[in-house]
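Working notes, structure below.
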Amino acid sequence: MNNEITERLASSNLKLGIVAGGQLGKMLIQEASKWDIETYILDKDENCPAGKIASHYIQGSHLEFEDVYQFGKQVDLLTFEIESINVDALRKLKSEGIKILPDPEILALIQDKGLQKDFYTENDIPTAPFTKYEDENAIIDAIENGTLKYPFVQKLRKGGYDGRGVSVIKSKDDLAELLKGKSIIEEKVEIEKEISVIVARNSTGEIKSFPVVEMIFDPKANLVDRLVCPSSVSEEQAIKATEIADKIIESLQMVGLLAIEFFVDSNGAVIVNEMAPRTHNSGHHTIESIVTSQFEQHLRSVLNLPLGSTRLKLPAVMLNILGEPGHEGPTRYVGLEECMAIEGVKIHLYGKKVTRPYRKMGHVTILSSSLEGALAKADQVKNRLSVIT
Ligand SMILES: Nc1ncnc2c1ncn2[C@@H]1O[C@H](COP(=O)(O)OP(=O)(O)OP(=O)(O)O)[C@@H](O)[C@H]1O
Ligand SMILES: [Mg+2]
């Protein structure tokens with residue numbers, strides 16, 4: 001079977017379907033084209049970042065049963081770059097013999113933050129204590145009868161991304177911010193650091209994780225603002241996070257790439273926040289700074305090839321290029337050339353035609369022989385580069 005895969009890799013004879021065509025899909029295709037894989041993209045928007053570089057672009061929604069089902073029937077192997085996919089369509093495709101990796105049941109578990117938290121509890125994975133609620137009225141009741149105390153963090157069970165779907169409630173003055181629908185309430189963690197580990201597993205059972213990265217958030221946008229590798233956590237904490245990542249992917253018996261976000265709390269404990277069964281924003285630096293990028297590793301894992309080395313070549317900082325607040329419309333970049341003139345600065349533009357406040361428009365990876373050097377250059381990039389209309 002695997003010989004067949006490698007043969008087809010080199011003969012344009014492997015049809016890889018990717019559900020959704022955002023920047024993650026684009027970067028996955030860039031890696032897939034190093035070999036000779038024929039790529040198919042499903043996305044609503046014909047101007048999506050991955051659409052133009054895919055071998056085949058198919059218009060359709062990842063949420064619509066029929067769109068996902070018809071798309072999947074055309075390919076040999078189906079994977080995804082987004083979590084909110086119509087899982088029933090994936091289940092039907094699987095029952096008809098289409099290979100889908102990661103497995104649709106893993107996607108179903110992770111799509112629902114309630115089930116995801118149950119998984120952590122059942123498998124002794126450290127995570128913030130939580131309770132499930134049917135709706136916002138049940139939360140108000142719990143506050144009134146004293147079972148729920150401020151502060152707490154509410155998360156919608158389904159559909160949240162980029163911080164939307166998360167509400168921090170510190171006192172009754174914040175109750176207007178309660179989100180509507182099924183949700184979980186978590187204890188508010190005293191966060192010291194936010195880190196992530198990306199881990200891959202192939203169907204032979206080989207597991208490899210990338211070095212820990214540290215995420216630093218923009219408090220206004222609540223998006224990752226810069227990411228550094230190596231991180232500043234202790235060796236013990238890094239080992240702990242990596243062990244937990246390995247344990248999770250092994251317990252799930254998952255094939256593919258899994259990104260796990262952790263908190264390091266004020267006591268130094270490493271606890272899981274959430275996970276995503278796909279390539280991840282916190283792994284963009286791997287394209288230039290690690291021997292094997294997260295995108296290549298994802299392909300290796302789903303094709304059951306040997307996993308690549310995850311050794312760090314040079315310290316790296318990654319900045320998301322976000323749409324400037326107050327600007328919405330056709331995209332214009334300012335400062336690109338000045339930034340490219342700085343040694344070790346690598347710019348990635350996703351090709352989004354329209355900018356919006358805080359929209360992810362691209363990213364920059366900055367490499368240097370020391371992390372301090374990379375951080376200093378990152379400040380220069382941040383001061384020069386902007387996306388306006
Ligand atoms: N229990 C918690 N205590 C304190 N802060 C939290 C807690 N849970 C989440 N946060 C903060 O909110 C941010 C977003 O939460 P989370 O990662 O669960 O949301 P998301 O929208 O699914 O994720 P993403 O932004 O990664 O797409 C976290 O990165 C963290 O800063
Ligand atoms: Mg998150």
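The way I read the labels, and the way they are meant: chains A, B, ... in the order of the structure tokens, residue 1 as the first residue of every chain, and ligand 1 as the first ligand shown, with later ones counted on from there.
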Excluding region 59-75 of chain A and its own-chain neighbours fewer than 2 positions away, which residues fall within 8 Å of it when counting only C-alpha atoms? Please give them as an MDAnalysis selection string.
chainID A and resid 15:17 19:20 40 42:46 57 77:78 84:86 88:90 92:93 98
Neighbours of ligand 1 at 9 Å or closer, counting only C-alpha atoms and all ligand atoms: which residues, as a PyMOL selection string?
chain A and resi 113+127-130+152-156+159-168+185-191+194+215+217+219+222-224+261-263+273-276+280-281
Using only C-alpha atoms, which protein or nucleic acid residues come within 12 Å of Ala32 (chain A)? Drop anything in the same chain fewer than 3 positions from it, and give the result as a PyMOL selection string.
chain A and resi 9-10+12+14-18+25-29+35-40+53-55+293-300+302-303
So which residues touch Asn304 (chain A) within 7 Å, counting only C-alpha atoms, skipping near sequence neighbours fewer than 4 positions away, as a ChimeraX atom specification?
/A:202-204,300
Expected answer as a PyMOL selection string: strand (DSSP E or B) residues in region 123-219 of chain A:
chain A and resi 127+130-133+152-156+161+164+166-169+183-187+191-201+207-209+213-218
Any chance you could export the current selection's N, CA and C atoms as a compact mmCIF listing (two decimals), in the first residue's frame?
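That gives us again07.txt:
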# COMPACT_ATOMS: atom_id res chain seq x y z
N THR A 127 -6.20 20.02 32.73
CA THR A 127 -6.91 21.11 32.05
C THR A 127 -7.70 21.87 33.10
N PHE A 130 -14.10 22.55 34.64
CA PHE A 130 -15.16 23.12 33.79
C PHE A 130 -16.52 22.50 34.11
N THR A 131 -17.58 23.19 33.66
CA THR A 131 -18.95 22.68 33.75
C THR A 131 -19.65 23.01 32.44
N LYS A 132 -20.55 22.12 32.00
CA LYS A 132 -21.30 22.39 30.77
C LYS A 132 -22.64 23.06 31.10
N TYR A 133 -23.05 23.99 30.27
CA TYR A 133 -24.35 24.67 30.45
C TYR A 133 -25.16 24.63 29.16
N PHE A 152 -15.01 33.93 35.74
CA PHE A 152 -14.99 32.67 35.00
C PHE A 152 -14.88 32.95 33.50
N VAL A 153 -14.59 31.90 32.77
CA VAL A 153 -14.44 32.05 31.31
C VAL A 153 -15.50 31.19 30.64
N GLN A 154 -16.32 31.83 29.80
CA GLN A 154 -17.36 31.09 29.08
C GLN A 154 -16.90 30.83 27.65
N LYS A 155 -17.09 29.59 27.18
CA LYS A 155 -16.72 29.27 25.79
C LYS A 155 -17.87 28.55 25.12
N LEU A 156 -18.26 29.02 23.96
CA LEU A 156 -19.29 28.30 23.20
C LEU A 156 -18.75 26.92 22.87
N TYR A 161 -13.68 30.71 17.04
CA TYR A 161 -12.32 30.72 16.50
C TYR A 161 -11.74 32.10 16.71
N ARG A 164 -13.20 34.57 19.14
CA ARG A 164 -14.65 34.76 19.11
C ARG A 164 -15.25 33.47 19.67
N VAL A 166 -15.36 33.16 22.98
CA VAL A 166 -14.80 33.10 24.34
C VAL A 166 -15.14 34.42 25.03
N SER A 167 -15.65 34.34 26.27
CA SER A 167 -16.00 35.56 27.00
C SER A 167 -15.50 35.44 28.44
N VAL A 168 -14.74 36.43 28.86
CA VAL A 168 -14.23 36.42 30.23
C VAL A 168 -15.18 37.27 31.08
N ILE A 169 -15.80 36.65 32.09
CA ILE A 169 -16.77 37.35 32.93
C ILE A 169 -16.15 37.54 34.31
N SER A 183 -22.70 26.08 26.11
CA SER A 183 -21.33 26.51 26.37
C SER A 183 -20.72 25.74 27.52
N ILE A 184 -19.44 25.93 27.72
CA ILE A 184 -18.79 25.45 28.94
C ILE A 184 -18.29 26.67 29.71
N ILE A 185 -18.23 26.50 31.03
CA ILE A 185 -17.62 27.53 31.87
C ILE A 185 -16.35 26.92 32.45
N GLU A 186 -15.25 27.65 32.29
CA GLU A 186 -13.98 27.20 32.86
C GLU A 186 -13.57 28.14 33.98
N GLU A 187 -12.83 27.59 34.92
CA GLU A 187 -12.17 28.45 35.90
C GLU A 187 -11.23 29.37 35.16
N ILE A 191 -2.84 33.09 34.01
CA ILE A 191 -1.91 32.66 32.96
C ILE A 191 -0.57 33.40 33.07
N GLU A 192 0.49 32.61 33.15
CA GLU A 192 1.84 33.17 33.15
C GLU A 192 2.35 33.23 31.71
N LYS A 193 2.13 32.12 31.00
CA LYS A 193 2.58 32.01 29.61
C LYS A 193 1.61 31.16 28.82
N GLU A 194 1.52 31.42 27.51
CA GLU A 194 0.77 30.52 26.62
C GLU A 194 1.77 29.90 25.65
N ILE A 195 1.74 28.59 25.59
CA ILE A 195 2.68 27.88 24.73
C ILE A 195 1.91 26.88 23.86
N SER A 196 2.59 26.38 22.84
CA SER A 196 1.95 25.32 22.05
C SER A 196 2.97 24.27 21.63
N VAL A 197 2.44 23.07 21.42
CA VAL A 197 3.25 21.97 20.88
C VAL A 197 2.48 21.38 19.71
N ILE A 198 3.16 21.23 18.58
CA ILE A 198 2.55 20.56 17.43
C ILE A 198 3.17 19.18 17.33
N VAL A 199 2.31 18.18 17.22
CA VAL A 199 2.79 16.80 17.22
C VAL A 199 2.16 16.08 16.03
N ALA A 200 2.92 15.15 15.46
CA ALA A 200 2.39 14.39 14.31
C ALA A 200 2.50 12.90 14.59
N ARG A 201 1.56 12.15 14.00
CA ARG A 201 1.60 10.68 14.11
C ARG A 201 1.20 10.11 12.75
N ILE A 207 5.60 8.84 16.19
CA ILE A 207 5.16 10.14 16.73
C ILE A 207 6.36 11.08 16.80
N LYS A 208 6.16 12.33 16.37
CA LYS A 208 7.24 13.32 16.49
C LYS A 208 6.64 14.68 16.82
N SER A 209 7.25 15.38 17.80
CA SER A 209 6.71 16.71 18.11
C SER A 209 7.73 17.79 17.81
N VAL A 213 6.69 26.33 21.39
CA VAL A 213 6.72 27.74 21.01
C VAL A 213 5.91 28.54 22.03
N GLU A 214 6.29 29.79 22.17
CA GLU A 214 5.59 30.65 23.13
C GLU A 214 4.81 31.70 22.36
N MET A 215 3.54 31.87 22.73
CA MET A 215 2.68 32.81 22.02
C MET A 215 2.48 34.05 22.87
N ILE A 216 2.67 35.19 22.24
CA ILE A 216 2.45 36.44 22.97
C ILE A 216 1.29 37.14 22.29
N PHE A 217 0.27 37.46 23.09
CA PHE A 217 -1.00 37.95 22.52
C PHE A 217 -1.05 39.46 22.44
N ASP A 218 -1.74 39.94 21.39
CA ASP A 218 -2.11 41.35 21.29
C ASP A 218 -3.38 41.50 22.12
Alpha helix (DSSP H) call set, DSSP backbone run, region 158-319 of chain A, as JSON, numbers by chain
{"A": [235, 236, 237, 238, 239, 240, 241, 242, 243, 244, 245, 246, 247, 248, 249, 250, 251, 252, 286, 287, 288, 289, 294, 295, 296, 297, 298, 299, 300, 301, 302]}
File of the preceding selection, N, CA and C atoms, as a tab-separated table (two decimals), in the first residue's frame:
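Output file part16.tsv is given in full below:
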chain	number	residue	atom	x	y	z
A	235	GLU	N	13.12	23.69	31.09
A	235	GLU	CA	13.25	22.43	30.38
A	235	GLU	C	12.21	21.42	30.89
A	236	GLU	N	11.98	21.46	32.19
A	236	GLU	CA	11.01	20.56	32.81
A	236	GLU	C	9.60	20.81	32.25
A	237	GLN	N	9.25	22.11	32.12
A	237	GLN	CA	7.92	22.45	31.58
A	237	GLN	C	7.80	22.05	30.11
A	238	ALA	N	8.91	22.23	29.37
A	238	ALA	CA	8.89	21.85	27.94
A	238	ALA	C	8.70	20.34	27.81
A	239	ILE	N	9.39	19.59	28.65
A	239	ILE	CA	9.26	18.12	28.59
A	239	ILE	C	7.83	17.72	28.95
A	240	LYS	N	7.29	18.37	29.97
A	240	LYS	CA	5.91	18.08	30.41
A	240	LYS	C	4.93	18.29	29.25
A	241	ALA	N	5.02	19.47	28.60
A	241	ALA	CA	4.10	19.79	27.51
A	241	ALA	C	4.24	18.78	26.37
A	242	THR	N	5.47	18.40	26.07
A	242	THR	CA	5.71	17.46	24.98
A	242	THR	C	5.16	16.07	25.33
A	243	GLU	N	5.36	15.67	26.58
A	243	GLU	CA	4.81	14.37	27.02
A	243	GLU	C	3.29	14.35	26.92
A	244	ILE	N	2.67	15.46	27.32
A	244	ILE	CA	1.20	15.53	27.24
A	244	ILE	C	0.75	15.46	25.79
A	245	ALA	N	1.45	16.19	24.91
A	245	ALA	CA	1.09	16.17	23.48
A	245	ALA	C	1.18	14.75	22.92
A	246	ASP	N	2.27	14.06	23.24
A	246	ASP	CA	2.44	12.68	22.76
A	246	ASP	C	1.32	11.78	23.30
A	247	LYS	N	1.00	11.98	24.57
A	247	LYS	CA	-0.04	11.14	25.20
A	247	LYS	C	-1.39	11.39	24.53
A	248	ILE	N	-1.69	12.65	24.21
A	248	ILE	CA	-2.99	12.96	23.59
A	248	ILE	C	-3.09	12.31	22.21
A	249	ILE	N	-2.08	12.47	21.38
A	249	ILE	CA	-2.19	11.95	20.01
A	249	ILE	C	-2.22	10.42	20.02
A	250	GLU	N	-1.52	9.84	20.99
A	250	GLU	CA	-1.51	8.37	21.14
A	250	GLU	C	-2.90	7.89	21.63
A	251	SER	N	-3.45	8.59	22.63
A	251	SER	CA	-4.77	8.18	23.16
A	251	SER	C	-5.84	8.29	22.08
A	252	LEU	N	-5.71	9.32	21.23
A	252	LEU	CA	-6.70	9.49	20.15
A	252	LEU	C	-6.47	8.51	19.01
A	286	THR	N	7.97	27.18	11.38
A	286	THR	CA	8.66	25.93	11.01
A	286	THR	C	9.07	25.92	9.54
A	287	ILE	N	8.39	26.71	8.70
A	287	ILE	CA	8.72	26.72	7.26
A	287	ILE	C	10.20	27.07	7.08
A	288	GLU	N	10.66	28.07	7.83
A	288	GLU	CA	12.07	28.46	7.68
A	288	GLU	C	12.97	27.98	8.81
A	289	SER	N	12.41	27.75	10.02
A	289	SER	CA	13.33	27.57	11.16
A	289	SER	C	13.53	26.11	11.57
A	294	GLN	N	5.76	22.27	9.41
A	294	GLN	CA	4.53	21.60	9.87
A	294	GLN	C	3.70	21.11	8.68
A	295	PHE	N	3.79	21.81	7.55
A	295	PHE	CA	2.99	21.43	6.38
A	295	PHE	C	3.53	20.13	5.76
A	296	GLU	N	4.85	20.06	5.64
A	296	GLU	CA	5.44	18.82	5.14
A	296	GLU	C	5.16	17.67	6.12
A	297	GLN	N	5.25	17.95	7.42
A	297	GLN	CA	5.01	16.90	8.41
A	297	GLN	C	3.57	16.39	8.34
A	298	HIS	N	2.64	17.32	8.11
A	298	HIS	CA	1.24	16.91	7.96
A	298	HIS	C	1.11	15.94	6.77
A	299	LEU	N	1.72	16.31	5.65
A	299	LEU	CA	1.65	15.44	4.46
A	299	LEU	C	2.31	14.09	4.76
A	300	ARG	N	3.49	14.12	5.39
A	300	ARG	CA	4.16	12.86	5.71
A	300	ARG	C	3.27	11.98	6.59
A	301	SER	N	2.60	12.59	7.57
A	301	SER	CA	1.79	11.78	8.49
A	301	SER	C	0.58	11.18	7.78
A	302	VAL	N	-0.13	11.95	6.98
A	302	VAL	CA	-1.34	11.40	6.35
A	302	VAL	C	-1.01	10.44	5.20
Pick out the closest residue to Ile140 (chain A) from this set: A:Asp174, A:Glu105, A:Asp379, A:Asp112. Count only C-alpha atoms.
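Selected residue with least distance to Ile140 (chain A): A:Asp174.
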Can you tell me, as a ChimeraX atom specification, what residues are no more than 12 Å from Met361 (chain A) when counting only C-alpha atoms, ignoring any on the same chain fewer than 5 positions away?
/A:22-24,48-49,319-324,330-333,347-356,385-388
Include C-alpha atoms and write out the residues we just selected as an mmCIF file, in the first residue's frame.
data_model
loop_
_atom_site.group_PDB
_atom_site.id
_atom_site.type_symbol
_atom_site.label_atom_id
_atom_site.label_comp_id
_atom_site.auth_asym_id
_atom_site.auth_seq_id
_atom_site.Cartn_x
_atom_site.Cartn_y
_atom_site.Cartn_z
ATOM 1 C CA GLY A 22 -7.349 29.725 3.493
ATOM 2 C CA GLN A 23 -3.695 30.426 4.180
ATOM 3 C CA LEU A 24 -3.163 27.035 5.837
ATOM 4 C CA CYS A 48 -9.428 32.344 -1.463
ATOM 5 C CA PRO A 49 -5.647 32.189 -0.773
ATOM 6 C CA LEU A 319 4.570 37.957 13.574
ATOM 7 C CA ASN A 320 1.064 37.805 12.176
ATOM 8 C CA ILE A 321 0.440 40.604 9.682
ATOM 9 C CA LEU A 322 -2.993 41.850 10.753
ATOM 10 C CA GLY A 323 -5.289 44.305 9.000
ATOM 11 C CA GLU A 324 -4.909 47.768 10.550
ATOM 12 C CA PRO A 330 -8.900 46.709 -1.017
ATOM 13 C CA THR A 331 -5.556 45.709 0.455
ATOM 14 C CA ARG A 332 -2.434 47.908 0.430
ATOM 15 C CA TYR A 333 0.827 46.944 2.149
ATOM 16 C CA ILE A 347 7.539 37.662 4.389
ATOM 17 C CA HIS A 348 4.461 35.587 3.590
ATOM 18 C CA LEU A 349 1.420 37.275 2.025
ATOM 19 C CA TYR A 350 -1.766 35.244 1.835
ATOM 20 C CA GLY A 351 -3.156 37.201 -1.125
ATOM 21 C CA LYS A 352 -6.393 38.344 0.528
ATOM 22 C CA LYS A 353 -7.817 41.073 -1.678
ATOM 23 C CA VAL A 354 -9.782 42.764 1.090
ATOM 24 C CA THR A 355 -8.400 43.852 4.444
ATOM 25 C CA ARG A 356 -10.419 44.198 7.663
ATOM 26 C CA LEU A 385 4.877 47.030 8.237
ATOM 27 C CA SER A 386 1.139 47.663 8.025
ATOM 28 C CA VAL A 387 -1.872 46.693 5.933
ATOM 29 C CA ILE A 388 -4.223 49.521 5.051
#
Using only C-alpha atoms and all ligand atoms: which of A:Val212, A:Val364, A:Ala316, A:Ile260 has the shortest distance to ligand 2:
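Of the candidates, the smallest distance to ligand 2 is held by A:Ile260.
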Would you pick out the contacts of region 365-372 of chain A at 7 Å or less, using only C-alpha atoms, so that residues sharing its chain but fewer than 5 positions from it are not included, and give the list as a list in words?
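Once the nearby chain positions are removed, what remains is His285, Leu314, Pro315, Ala316, Val317, Met318, Leu319, Gly344, Val345, Lys346, Ile347 and Ala378 of chain A.
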Could you please take those selected residues and save N, CA and C atoms as a PDB file, in the first residue's frame?
ATOM      1  N   HIS A 285       6.424  29.417  11.755  1.00  0.00           N
ATOM      2  CA  HIS A 285       7.886  29.599  11.756  1.00  0.00           C
ATOM      3  C   HIS A 285       8.615  28.357  11.262  1.00  0.00           C
ATOM      4  N   LEU A 314      17.464  27.642  13.504  1.00  0.00           N
ATOM      5  CA  LEU A 314      17.835  28.958  14.031  1.00  0.00           C
ATOM      6  C   LEU A 314      16.691  29.491  14.881  1.00  0.00           C
ATOM      7  N   PRO A 315      16.999  30.251  15.946  1.00  0.00           N
ATOM      8  CA  PRO A 315      15.937  30.882  16.720  1.00  0.00           C
ATOM      9  C   PRO A 315      15.046  31.742  15.807  1.00  0.00           C
ATOM     10  N   ALA A 316      13.742  31.754  16.109  1.00  0.00           N
ATOM     11  CA  ALA A 316      12.808  32.435  15.216  1.00  0.00           C
ATOM     12  C   ALA A 316      11.720  33.174  15.985  1.00  0.00           C
ATOM     13  N   VAL A 317      11.287  34.280  15.383  1.00  0.00           N
ATOM     14  CA  VAL A 317      10.102  34.996  15.875  1.00  0.00           C
ATOM     15  C   VAL A 317       9.126  35.045  14.712  1.00  0.00           C
ATOM     16  N   MET A 318       7.850  34.828  14.987  1.00  0.00           N
ATOM     17  CA  MET A 318       6.835  34.936  13.928  1.00  0.00           C
ATOM     18  C   MET A 318       5.846  36.022  14.317  1.00  0.00           C
ATOM     19  N   LEU A 319       5.581  36.910  13.362  1.00  0.00           N
ATOM     20  CA  LEU A 319       4.570  37.957  13.574  1.00  0.00           C
ATOM     21  C   LEU A 319       3.425  37.720  12.609  1.00  0.00           C
ATOM     22  N   GLY A 344      17.374  38.069   7.391  1.00  0.00           N
ATOM     23  CA  GLY A 344      16.643  37.020   8.116  1.00  0.00           C
ATOM     24  C   GLY A 344      15.142  37.231   8.157  1.00  0.00           C
ATOM     25  N   VAL A 345      14.639  38.272   7.469  1.00  0.00           N
ATOM     26  CA  VAL A 345      13.193  38.534   7.489  1.00  0.00           C
ATOM     27  C   VAL A 345      12.526  37.882   6.280  1.00  0.00           C
ATOM     28  N   LYS A 346      11.581  36.996   6.534  1.00  0.00           N
ATOM     29  CA  LYS A 346      10.890  36.262   5.472  1.00  0.00           C
ATOM     30  C   LYS A 346       9.410  36.609   5.523  1.00  0.00           C
ATOM     31  N   ILE A 347       8.921  37.171   4.413  1.00  0.00           N
ATOM     32  CA  ILE A 347       7.539  37.662   4.389  1.00  0.00           C
ATOM     33  C   ILE A 347       6.620  36.707   3.636  1.00  0.00           C
ATOM     34  N   ALA A 378      12.225  41.887  14.984  1.00  0.00           N
ATOM     35  CA  ALA A 378      10.759  41.812  14.950  1.00  0.00           C
ATOM     36  C   ALA A 378      10.150  43.162  15.319  1.00  0.00           C
TER      37      ALA A 378
END
